[in-house]
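The structure file run-v1.cif is reproduced below (mmCIF, C-alpha atoms).
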```
data_run
loop_
_atom_site.label_atom_id
_atom_site.label_comp_id
_atom_site.auth_asym_id
_atom_site.auth_seq_id
_atom_site.Cartn_x
_atom_site.Cartn_y
_atom_site.Cartn_z
CA MET E 20 -66.31 -7.73 -36.49
CA THR E 21 -66.93 -9.82 -33.40
CA ALA E 22 -68.43 -8.12 -30.37
CA ASP E 23 -65.98 -7.81 -27.51
CA ALA E 24 -66.95 -8.01 -23.86
CA ALA E 25 -67.58 -4.29 -23.47
CA THR E 26 -70.41 -4.28 -26.00
CA ARG E 27 -72.27 -7.29 -24.58
CA ARG E 28 -75.13 -6.33 -22.30
CA VAL E 29 -75.10 -8.35 -19.10
CA GLY E 30 -76.94 -6.97 -16.08
CA ALA E 31 -76.59 -7.52 -12.34
CA LEU E 32 -79.46 -10.03 -12.27
CA ASP E 33 -77.91 -12.09 -15.10
CA LEU E 34 -74.65 -12.13 -13.15
CA PHE E 35 -76.38 -13.18 -9.93
CA LEU E 36 -78.21 -16.06 -11.61
CA ALA E 37 -75.14 -17.24 -13.53
CA TYR E 38 -73.00 -17.29 -10.39
CA LEU E 39 -75.75 -18.92 -8.34
CA ARG E 40 -75.58 -21.81 -10.77
CA ILE E 41 -71.79 -21.85 -10.81
CA GLY E 42 -71.70 -21.97 -7.00
CA LEU E 43 -74.14 -24.85 -6.73
CA THR E 44 -72.59 -26.96 -9.46
CA GLY E 45 -69.03 -26.25 -8.34
CA PHE E 46 -68.07 -29.55 -6.77
CA GLY E 47 -64.39 -29.80 -5.94
CA GLY E 48 -63.59 -26.13 -6.55
CA VAL E 49 -65.35 -23.61 -8.71
CA ASN E 50 -62.98 -22.34 -11.39
CA ALA E 51 -63.44 -25.12 -13.93
CA TRP E 52 -67.23 -24.71 -13.71
CA ALA E 53 -67.04 -20.93 -13.98
CA ARG E 54 -65.00 -21.16 -17.17
CA HIS E 55 -67.40 -23.67 -18.68
CA HIS E 56 -70.45 -21.57 -17.89
CA LEU E 57 -69.12 -18.08 -18.73
CA VAL E 58 -67.10 -18.96 -21.81
CA GLU E 59 -68.80 -21.97 -23.38
CA GLU E 60 -72.45 -21.72 -22.37
CA LYS E 61 -73.08 -17.98 -22.07
CA GLY E 62 -70.33 -16.69 -24.33
CA TRP E 63 -69.93 -13.60 -22.16
CA LEU E 64 -66.14 -13.87 -22.15
CA THR E 65 -63.65 -15.19 -24.66
CA GLU E 66 -61.16 -17.84 -23.55
CA ALA E 67 -58.40 -15.22 -23.36
CA GLU E 68 -60.54 -12.77 -21.40
CA TYR E 69 -61.37 -15.47 -18.86
CA ALA E 70 -57.72 -16.52 -18.57
CA GLU E 71 -56.68 -12.91 -17.91
CA THR E 72 -59.33 -12.49 -15.24
CA LEU E 73 -58.30 -15.76 -13.57
CA GLY E 74 -54.63 -14.84 -13.73
CA MET E 75 -55.32 -11.59 -11.92
CA ALA E 76 -57.49 -13.44 -9.39
CA GLN E 77 -54.62 -15.79 -8.60
CA VAL E 78 -52.13 -13.05 -7.76
CA LEU E 79 -54.54 -11.53 -5.26
CA PRO E 80 -55.12 -12.98 -1.81
CA GLY E 81 -58.49 -14.54 -1.02
CA PRO E 82 -60.41 -17.24 -2.85
CA ASN E 83 -59.67 -17.18 -6.59
CA ALA E 84 -63.29 -17.85 -7.42
CA LEU E 85 -64.41 -14.77 -5.48
CA ASN E 86 -61.76 -12.51 -7.01
CA CYS E 87 -62.79 -13.78 -10.42
CA ALA E 88 -66.49 -13.16 -9.73
CA ILE E 89 -65.68 -9.60 -8.69
CA GLY E 90 -63.59 -9.03 -11.82
CA VAL E 91 -66.30 -10.41 -14.11
CA GLY E 92 -69.12 -8.62 -12.26
CA ALA E 93 -67.32 -5.27 -12.26
CA ARG E 94 -66.52 -5.58 -15.94
CA PHE E 95 -70.17 -5.91 -16.96
CA ALA E 96 -72.13 -4.01 -14.32
CA GLY E 97 -69.82 -2.07 -12.01
CA ALA E 98 -70.21 -2.26 -8.24
CA ALA E 99 -73.72 -3.73 -8.48
CA GLY E 100 -72.41 -6.43 -10.80
CA ALA E 101 -69.49 -7.28 -8.52
CA ALA E 102 -71.82 -7.56 -5.52
CA ALA E 103 -74.42 -9.58 -7.46
CA ALA E 104 -71.84 -12.07 -8.76
CA SER E 105 -70.18 -12.61 -5.37
CA ILE E 106 -73.45 -12.98 -3.48
CA GLY E 107 -74.71 -15.40 -6.12
CA LEU E 108 -71.51 -17.43 -5.86
CA PHE E 109 -71.78 -17.91 -2.10
CA ALA E 110 -75.53 -17.89 -1.37
CA GLY E 111 -76.32 -21.45 -2.48
CA PRO E 112 -73.30 -23.30 -1.04
CA LEU E 113 -73.49 -21.35 2.20
CA ALA E 114 -77.13 -22.31 2.80
CA LEU E 115 -76.23 -25.92 2.06
CA LEU E 116 -73.21 -25.87 4.37
CA ALA E 117 -75.24 -24.36 7.22
CA GLY E 118 -77.47 -27.41 6.93
CA ILE E 119 -74.48 -29.75 6.89
CA ALA E 120 -72.97 -28.00 9.92
CA ALA E 121 -76.24 -28.40 11.85
CA LEU E 122 -76.31 -32.11 10.98
CA TYR E 123 -72.68 -32.43 12.11
CA ASP E 124 -73.56 -30.83 15.45
CA ALA E 125 -76.42 -33.29 15.91
CA TYR E 126 -74.88 -36.51 14.59
CA GLY E 127 -71.13 -35.91 14.27
CA GLN E 128 -70.26 -37.86 17.40
CA LEU E 129 -72.08 -41.09 16.48
CA PRO E 130 -69.46 -43.85 15.99
CA LEU E 131 -70.73 -44.75 12.53
CA VAL E 132 -70.73 -41.12 11.35
CA ARG E 133 -67.26 -40.59 12.85
CA ALA E 134 -65.95 -43.61 10.92
CA VAL E 135 -67.32 -42.30 7.61
CA LEU E 136 -66.00 -38.79 8.30
CA THR E 137 -62.55 -40.10 9.24
CA GLY E 138 -62.46 -41.96 5.94
CA ILE E 139 -63.50 -38.82 4.02
CA ALA E 140 -60.95 -36.72 5.93
CA ALA E 141 -58.16 -39.15 5.04
CA ALA E 142 -59.24 -39.11 1.39
CA ALA E 143 -59.35 -35.30 1.43
CA ALA E 144 -55.81 -35.21 2.85
CA GLY E 145 -54.66 -37.40 -0.04
CA MET E 146 -56.58 -35.20 -2.48
CA VAL E 147 -54.71 -32.12 -1.28
CA LEU E 148 -51.34 -33.94 -1.43
CA GLY E 149 -52.12 -35.29 -4.90
CA THR E 150 -53.10 -31.80 -6.10
CA ALA E 151 -49.82 -30.36 -4.83
CA ILE E 152 -47.78 -33.08 -6.57
CA LYS E 153 -49.77 -32.68 -9.79
CA MET E 154 -49.30 -28.90 -9.80
CA ALA E 155 -45.59 -29.23 -9.04
CA THR E 156 -44.95 -31.75 -11.82
CA ARG E 157 -46.95 -29.71 -14.37
CA LEU E 158 -44.97 -26.60 -13.52
CA ARG E 159 -41.62 -28.31 -14.24
CA PRO E 160 -39.87 -25.90 -11.88
CA THR E 161 -36.31 -24.74 -12.28
CA ILE E 162 -34.06 -25.52 -9.28
CA PRO E 163 -34.54 -22.07 -7.66
CA LEU E 164 -38.34 -22.29 -8.03
CA LEU E 165 -38.27 -25.80 -6.55
CA LEU E 166 -36.23 -24.55 -3.58
CA VAL E 167 -38.75 -21.75 -2.95
CA GLY E 168 -41.58 -24.31 -2.95
CA LEU E 169 -39.73 -26.66 -0.58
CA ALA E 170 -38.92 -23.73 1.71
CA ALA E 171 -42.62 -22.82 1.86
CA LEU E 172 -43.48 -26.45 2.70
CA THR E 173 -40.83 -26.67 5.42
CA LEU E 174 -41.66 -23.33 7.04
CA ALA E 175 -45.40 -24.11 7.09
CA LEU E 176 -44.72 -27.49 8.72
CA LEU E 177 -42.51 -25.79 11.31
CA ARG E 178 -45.61 -23.70 12.09
CA VAL E 179 -43.99 -20.44 11.08
CA PRO E 180 -46.82 -17.87 10.85
CA LEU E 181 -48.08 -17.45 7.30
CA PRO E 182 -47.34 -13.70 6.95
CA PHE E 183 -43.65 -14.41 7.48
CA VAL E 184 -43.71 -17.33 5.05
CA VAL E 185 -45.44 -15.40 2.26
CA LEU E 186 -43.65 -12.08 2.70
CA GLY E 187 -40.29 -13.73 3.41
CA LEU E 188 -40.36 -16.01 0.38
CA ALA E 189 -42.05 -13.63 -2.10
CA PRO E 190 -38.81 -11.81 -3.06
CA PHE E 191 -37.03 -15.14 -3.70
CA GLY E 192 -40.02 -16.40 -5.68
CA LEU E 193 -40.05 -13.25 -7.81
CA LEU E 194 -36.31 -13.48 -8.43
CA ALA E 195 -36.55 -17.17 -9.36
CA ALA E 196 -39.54 -16.52 -11.63
CA TRP E 197 -37.84 -13.57 -13.29
CA ARG E 198 -34.80 -15.72 -14.05
CA ALA E 199 -36.92 -18.64 -15.24
CA LEU E 200 -38.97 -16.46 -17.59
CA ARG E 201 -36.05 -14.50 -19.01
CA MET L 1 -68.95 -11.07 21.99
CA THR L 2 -65.23 -11.24 22.52
CA LEU L 3 -65.21 -14.69 20.92
CA LEU L 4 -66.97 -13.36 17.82
CA LEU L 5 -64.57 -10.42 17.63
CA GLN L 6 -61.60 -12.77 17.93
CA LEU L 7 -63.07 -14.96 15.19
CA LEU L 8 -63.62 -11.94 12.94
CA LEU L 9 -60.06 -10.75 13.50
CA THR L 10 -58.55 -14.21 12.94
CA PHE L 11 -60.41 -14.85 9.70
CA SER L 12 -59.87 -11.32 8.33
CA THR L 13 -56.14 -11.81 8.73
CA LEU L 14 -56.33 -15.19 7.01
CA SER L 15 -58.34 -13.60 4.19
CA LEU L 16 -55.57 -11.24 3.16
CA LEU L 17 -52.95 -14.01 3.34
CA ALA L 18 -54.84 -16.56 1.30
CA ILE L 19 -52.74 -16.37 -1.86
CA GLY L 20 -53.42 -19.67 -3.57
CA GLY L 21 -56.85 -20.16 -1.99
CA ALA L 22 -58.27 -22.35 0.72
CA ASN L 23 -55.76 -25.17 0.51
CA ALA L 24 -52.78 -22.84 0.85
CA VAL L 25 -54.16 -21.06 3.89
CA LEU L 26 -54.97 -24.31 5.70
CA PRO L 27 -51.71 -24.62 7.70
CA GLU L 28 -52.23 -21.15 9.13
CA MET L 29 -55.91 -21.89 9.80
CA HIS L 30 -54.87 -25.05 11.69
CA ARG L 31 -52.25 -23.11 13.65
CA GLN L 32 -54.74 -20.42 14.65
CA LEU L 33 -57.87 -22.48 15.36
CA VAL L 34 -56.36 -25.66 16.82
CA GLU L 35 -52.94 -24.80 18.18
CA ILE L 36 -53.19 -21.18 19.37
CA HIS L 37 -56.83 -20.75 20.37
CA GLY L 38 -57.82 -24.39 20.95
CA TRP L 39 -61.27 -23.76 19.46
CA LEU L 40 -61.27 -27.08 17.58
CA ASP L 41 -59.51 -30.42 18.07
CA ASP L 42 -57.50 -32.13 15.34
CA ALA L 43 -60.19 -34.64 14.31
CA THR L 44 -62.97 -32.04 14.12
CA PHE L 45 -60.76 -29.70 12.10
CA SER L 46 -59.92 -32.31 9.49
CA GLN L 47 -63.52 -33.59 9.28
CA LEU L 48 -65.01 -30.13 8.80
CA PHE L 49 -62.47 -29.33 6.10
CA ALA L 50 -63.33 -32.62 4.39
CA LEU L 51 -67.06 -31.81 4.53
CA ALA L 52 -66.47 -28.44 2.88
CA GLN L 53 -64.44 -30.16 0.15
CA ALA L 54 -67.21 -32.68 -0.47
CA ALA L 55 -69.96 -30.03 -0.70
CA PRO L 56 -70.35 -27.83 -3.80
CA GLY L 57 -69.03 -24.28 -3.87
CA PRO L 58 -65.70 -22.63 -3.10
CA ASN L 59 -63.56 -24.66 -0.68
CA ILE L 60 -62.88 -21.52 1.36
CA LEU L 61 -66.30 -22.13 2.90
CA ALA L 62 -64.51 -24.56 5.23
CA ALA L 63 -63.95 -21.40 7.29
CA SER L 64 -67.72 -20.87 7.54
CA VAL L 65 -68.39 -24.40 8.79
CA MET L 66 -65.61 -24.04 11.36
CA GLY L 67 -67.11 -20.72 12.47
CA TRP L 68 -70.45 -22.48 12.97
CA ARG L 69 -68.82 -25.24 15.03
CA ILE L 70 -67.02 -22.69 17.23
CA ALA L 71 -69.83 -20.18 17.81
CA GLY L 72 -73.06 -21.29 16.13
CA PRO L 73 -74.86 -19.33 13.39
CA ALA L 74 -73.25 -16.04 14.46
CA GLY L 75 -69.87 -17.76 14.18
CA LEU L 76 -70.74 -18.86 10.65
CA ALA L 77 -71.66 -15.30 9.70
CA VAL L 78 -68.57 -13.76 11.27
CA ALA L 79 -66.18 -16.35 9.81
CA THR L 80 -67.65 -15.96 6.32
CA ILE L 81 -67.58 -12.16 6.40
CA GLY L 82 -64.07 -12.13 7.86
CA MET L 83 -62.77 -14.58 5.27
CA LEU L 84 -64.39 -12.92 2.25
CA LEU L 85 -64.76 -9.20 2.78
CA PRO L 86 -61.14 -7.97 3.07
CA ALA L 87 -60.07 -9.95 0.01
CA ALA L 88 -63.20 -8.84 -1.87
CA ILE L 89 -62.50 -5.16 -1.22
CA LEU L 90 -58.94 -5.58 -2.47
CA ALA L 91 -60.14 -7.45 -5.56
CA TRP L 92 -62.66 -4.68 -6.24
CA PHE L 93 -59.94 -2.02 -6.30
CA VAL L 94 -57.69 -4.15 -8.47
CA ALA L 95 -60.56 -4.88 -10.88
CA GLY L 96 -60.63 -1.12 -11.48
CA LEU L 97 -56.92 -1.12 -12.27
CA THR L 98 -57.10 -4.14 -14.54
CA GLN L 99 -56.99 -2.22 -17.80
CA ARG L 100 -53.79 -0.47 -16.79
CA LEU L 101 -52.16 -3.56 -15.26
CA ARG L 102 -52.94 -5.92 -18.10
CA GLY L 103 -49.81 -5.31 -20.15
CA ALA L 104 -47.47 -4.62 -17.24
CA THR L 105 -44.14 -6.41 -17.64
CA TRP L 106 -43.82 -7.17 -13.93
CA LEU L 107 -47.16 -8.93 -13.79
CA LYS L 108 -46.08 -12.28 -15.19
CA PRO L 109 -43.06 -12.81 -12.90
CA ALA L 110 -45.18 -11.58 -9.97
CA GLN L 111 -47.85 -14.12 -10.80
CA PHE L 112 -45.38 -16.90 -11.47
CA GLY L 113 -43.18 -16.19 -8.45
CA LEU L 114 -45.94 -16.86 -5.95
CA VAL L 115 -46.90 -20.16 -7.60
CA PRO L 116 -44.15 -22.26 -5.92
CA VAL L 117 -44.96 -20.66 -2.56
CA ALA L 118 -48.62 -21.58 -3.02
CA ILE L 119 -47.77 -25.16 -4.06
CA GLY L 120 -45.45 -25.58 -1.06
CA LEU L 121 -48.21 -24.36 1.24
CA ILE L 122 -50.75 -26.72 -0.35
CA ALA L 123 -48.34 -29.64 0.19
CA ALA L 124 -47.98 -28.59 3.84
CA SER L 125 -51.80 -28.61 4.11
CA GLY L 126 -51.82 -32.20 2.89
CA VAL L 127 -49.26 -33.24 5.51
CA ILE L 128 -51.11 -31.48 8.33
CA MET L 129 -54.43 -33.01 7.26
CA THR L 130 -52.80 -36.45 7.14
CA GLU L 131 -51.57 -35.99 10.72
CA ALA L 132 -55.03 -34.79 11.76
CA ALA L 133 -56.98 -37.54 10.00
CA GLY L 134 -55.84 -40.22 12.44
CA SER L 135 -52.90 -42.50 12.97
CA SER L 136 -54.23 -45.92 11.92
CA TRP L 137 -52.68 -47.89 9.07
CA LEU L 138 -56.04 -47.79 7.34
CA ALA L 139 -56.20 -43.98 7.42
CA TRP L 140 -52.66 -43.82 5.98
CA GLY L 141 -53.66 -46.33 3.33
CA ILE L 142 -56.61 -44.18 2.29
CA VAL L 143 -54.37 -41.08 2.19
CA ALA L 144 -51.82 -42.87 -0.01
CA ALA L 145 -54.41 -44.31 -2.39
CA SER L 146 -56.18 -41.00 -2.73
CA THR L 147 -52.91 -39.11 -3.31
CA ILE L 148 -51.97 -41.42 -6.17
CA PHE L 149 -55.49 -41.37 -7.64
CA VAL L 150 -55.69 -37.58 -7.72
CA TRP L 151 -52.11 -37.20 -8.95
CA ARG L 152 -52.22 -39.80 -11.72
CA THR L 153 -55.82 -39.64 -13.02
CA GLY L 154 -58.15 -36.93 -14.25
CA PHE L 155 -61.31 -38.21 -12.55
CA SER L 156 -63.32 -35.94 -10.29
CA PRO L 157 -61.93 -35.89 -6.72
CA LEU L 158 -65.48 -36.54 -5.51
CA TRP L 159 -64.92 -40.24 -6.28
CA VAL L 160 -61.99 -40.22 -3.88
CA LEU L 161 -64.02 -38.62 -1.09
CA ALA L 162 -66.91 -41.06 -1.61
CA GLY L 163 -64.49 -44.01 -1.65
CA GLY L 164 -62.80 -42.80 1.53
CA GLY L 165 -66.17 -42.48 3.25
CA ALA L 166 -67.20 -45.99 2.17
CA LEU L 167 -63.90 -47.52 3.36
CA GLY L 168 -64.24 -45.70 6.67
CA LEU L 169 -67.75 -47.08 7.08
CA LEU L 170 -66.69 -50.65 6.31
CA LEU L 171 -63.36 -50.85 8.10
CA LEU L 172 -62.91 -48.22 10.80
#
```
Take the structure in the file and give it back as structure tokens.
Amino acid sequence: MTADAATRRVGALDLFLAYLRIGLTGFGGVNAWARHHLVEEKGWLTEAEYAETLGMAQVLPGPNALNCAIGVGARFAGAAGAAAASIGLFAGPLALLAGIAALYDAYGQLPLVRAVLTGIAAAAAGMVLGTAIKMATRLRPTIPLLLVGLAALTLALLRVPLPFVVLGLAPFGLLAAWRALR
Amino acid sequence: MTLLLQLLLTFSTLSLLAIGGANAVLPEMHRQLVEIHGWLDDATFSQLFALAQAAPGPNILAASVMGWRIAGPAGLAVATIGMLLPAAILAWFVAGLTQRLRGATWLKPAQFGLVPVAIGLIAASGVIMTEAAGSSWLAWGIVAASTIFVWRTGFSPLWVLAGGGALGLLLL
């Protein structure tokens, strides 16, 4: 009989250290690194357990990586585990970003630095667009799902406040998803 | 003090709306920080977001860097707490319910139904960042090349950011 997650002993310190590493290696978003570390390297979670945790994290508002860390931390070590995992996740990158922000304050207006940053900003814009297209094509949406997505795009570009966009479109999204999954 | 309170309030609201993560909440962040409050200009907004993307860690930390730019170290602290704490508290309560929710029949449509909304919002983020990144042909060229690269290949997006920075250095 294989041990399931409940029988594995993982303490708050283990969680803190694991998430510290995940945070600092997590270039370009954290979730892929978290899966690799928790499932493949540590073996704390099975593939299915990780997928369930991530799925739940995606329904909730807030950063998926944080919701996931709280789910994983709480599962192994309760409130202390949830706190340890989330602090570990953010401590490293936050210290690094404070340094970057200070450098930006000092040097951000130099013409050379501005040119590099403009180039990076343009590339990041394309990265976000490319991600959206990739996600949309992978999803292979039905027509109603596609319309919900296009409505969200249009409303956001018209600068409609986000609460109205999310709450207004959620019922249509649910209906479309329910029909697509039936 | 009022500025910090306003920042805390703004980011706490964003926190609870951020279904789909940092990229999906970007249009609202732009609306609040640039258009309503005028705390940042377009170029600074897009550059700080790009820096957060290029650094390791969750992309939501863009909020922290913007908080720093607006109000120094206290701004960084307030923006980070505002962005993370409300969502974290909610996630904590839901983590407790997980066992009961796991098999729920409504969960899958609920999860799936918000996906197109999130993708639409991410696409809007891309458009807004393109507008903010500058209006030269070169900037548009970089946007187009990077869009196609990320869409069609599986390489790490870091290559795109590095390439964009190098092109900016050489040509802008």
- Neighbours of region 72-78 of chain E within 8 Å (all atoms listed in the file; same-chain residues fewer than 5 positions away dropped), as a list in words? Asn83, Ala84, Asn86, Cys87, Gly90 and Val91 of chain E; Ile19, Gly20, Ala91, Ala110, Gln111 and Leu114 of chain L
- Task: Would you give me, as a PyMOL selection string, the residues of chain L that come within 6 Å of chain E, using all atoms listed in the file?
- Result: chain L and resi 15-19+21+28+46-47+50+56-58+65+87+91+95+109-114+116-117+119-124+126+129-130+133+139+142-143+146-147+150-151+161+164-165+168-169+172
- So how far away is CA of Gly67 (chain L) from CA of Asp41 (chain L), in Å?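 Separating CA of Asp41 (chain L) from CA of Gly67 (chain L) is a distance of 13.5 Å.
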- Can you tell me how far CA of Phe95 (chain E) sits from CA of Met83 (chain L), in Å to one decimal?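 The value is 25.0 Å.
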- Item | Nearby residues (all atoms listed in the file) at most 10 Å from Gly82 (chain L), same-chain spacing under 6 positions excluded, as a PyMOL selection string | chain L and resi 5+7-16+63-64+76
Mind working out the centre and edge lengths of an axis-aligned box for region 69-88 of chain E, all listed atoms inside, 3 Å added to each side, rounded to one decimal in Å and written as JSON?
```
{"center_x": -59.3, "center_y": -14.7, "center_z": -9.9, "size_x": 20.4, "size_y": 12.3, "size_z": 23.8}
```
- Result set of the PyMOL selection byres ((chain E and resi 55) around 12) on the coordinates above, as a PyMOL selection string: chain E and resi 37-38+40-41+44-45+49-54+56-66+69
- Task: Mind giving me the straight-line distance from CA of Leu61 (chain L) to CA of Leu84 (chain L) in Å, one decimal?
- Result: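 Interatomic distance, CA of Leu61 (chain L) to CA of Leu84 (chain L): 9.4 Å.
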